[in-house]
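*Asks:* Handing you this structure, nothing more for now.
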Amino acid sequence: MAETTPSAAPKTSAFKVPGEGSSLRISVVAIVTLLVAWAVVTNAGWIKPLFLPSPQAVALQFWEYITGAANDKTLWQHFLASMGRVFAAFALAVVTAVPVGIAMGMSRMARGIFDPPIEFYRPLPPLSYLPLIIIWFGIDELPKVLLIFLSCFAPLALAARSGMKSASQEQMNAAYSMGASHGQVIRHVILPSALPEILVGMRIAIGFGWTTLVAAEMVAANVGLGQMVLNASNFLRTDIVIMGIMVIGVVAYLFDLLMRWVEKRLVPWKGRM
């Protein structure tokens with residue numbers, strides 16, 4: 001009988017989860033493709049500059065606003081004014097909405113008090129209650145900051161409330177069995193478990209803040225990125241409008257990247273459990 005040799009073991013490769021891996025190259029290719037397509041259709045005259053100016057025209061406006069050659073305030077003045085409004089409102093939302101969300105997650109009474117008004121105004125567009133804010137608070141800086149604050153408050157509070165449910169009962173029972181007090185359980189078990197969702201809520205909230213910026217600066221503002229875009233739209237300066245929109249989008253994206261970095265530093269265990 002012929003001697004049989006054992007068949008070679010099949011080669012195995014590490015299993016890769018679909019969607020994992022860096023998408024940086026794909027993103028770069030997609031952005032370059034869009035820019036090339038934009039340059040082609042505008043320089044070929046297929047679209048009128050009133051509707052879509054060329055990348056060169058937008059870049060020229062960006063340079064003029066940076067250097068102060070434009071017949072307007074410099075881009076830095078607009079940028080700093082908008083940054084001050086957005087981050088003042090965001091900081092105020094963080095120090096108020098997170099405790100409210102934690103209270104809603106821990107107390108039935110707090111949930112009964114805060115949940116109805118938050119759920120009522122959360123789906124409303126900011127422009128719907130902008131006139132009321134102007135009537136109540138005038139046209140100074142307060143209504144601008146308040147409008148952005150309201151857009152940031154709801155997602156932050158709901159994220160904190162949802163995060164309070166992340167700690168398992170087994171973790172809390174283990175802490176209690178080791179002699180931890182109720183306050184220590186909240187501080188060392190519940191809050192660390194809620195932190196990932198709170199940070200996600202912060203990312204969403206700052207996005208809403210930048211989205212509301214243009215509406216907020218409709219309130220008698222004479223400086224700010226939103227005001228710059230609105231003023232340019234009144235004179236059909238599409239190149240300035242697109243330049244302002246791109247600046248707002250890039251700043252919001254950079255802050256989102258910063259929040260992702262903070263999230264990795266503070267909650268490195270997220271997604272590994």
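All residue names refer to the structure tokens as shown: chains lettered A, B, ... in order, residues numbered from 1 in each chain, ligands numbered from 1 in order.
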Quick one: residues within 9 Å of region 105-120 of chain A, only C-alpha atoms counted, chain neighbours fewer than 5 positions away excluded, as a PyMOL selection string?

*Replies:* chain A and resi 100+153-154+157-158+160-165

*Asks:* When you look at region 258-264 of chain A with a cut-off of 12 Å (counting only C-alpha atoms), what residues show up, excluding the ones that are within fewer than 5 positions of it in the same chain? I need them as a ChimeraX atom specification.

*Replies:* /A:195-207,251-253,269-272

*Asks:* Give me every helix (DSSP H, G or I) residue in region 12-261 of chain A, going by DSSP on the backbone, as a ChimeraX atom specification.

*Replies:* /A:24-43,55-67,75-106,108-121,126-137,141-163,169-177,182-216,225-234,238-261

*Asks:* Please indicate the distance in Å from CA of Ala221 (chain A) to CA of Met246 (chain A), rounded to one decimal place.

*Replies:* 20.1 Å

*Asks:* Applying 8 Å and only C-alpha atoms, which residues near Ala89 (chain A) remain after dropping the ones on its own chain fewer than 5 positions away? List them as number ranges by chain.

*Replies:* A: 145-146, 148-149, 152, 209

*Asks:* How many Å separate CA of Leu92 (chain A) from CA of Lys73 (chain A)?

*Replies:* 27.9 Å

*Asks:* Could you name the residues that touch Phe79 (chain A) at 12 Å or less, counting only C-alpha atoms, but leaving out those on the same chain fewer than 5 positions away, as a list in words?

*Replies:* Tyr65, Ile66, Lys73, Thr74, Gly84, Arg85, Val86, Phe87, Trp210, Leu213, Val223, Gly224, Leu225, Gly226, Gln227, Met228, Val229, Gly244, Ile245, Val247, Ile248, Val250, Val251 and Ala252 of chain A

*Asks:* Looking at only C-alpha atoms, which of A:Ser166, A:Leu52, A:Phe208, A:Asp72 is the one that sits closest to Pro123 (chain A)?

*Replies:*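 The shortest atom-to-atom distance to Pro123 (chain A) comes from A:Phe208.
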
*Asks:* Which residues are close to Phe51 (chain A), i.e. within 12 Å by only C-alpha atoms, leaving aside same-chain residues fewer than 3 positions away? Reply as an NGL selection string.

*Replies:* :A and (41-42 or 45-48 or 54 or 233 or 236-239 or 241-242)

*Asks:* Which one is closest to Leu147 (chain A): A:Tyr176, A:Val219, A:Val40, A:His78? Count only C-alpha atoms.

*Replies:* A:Val219
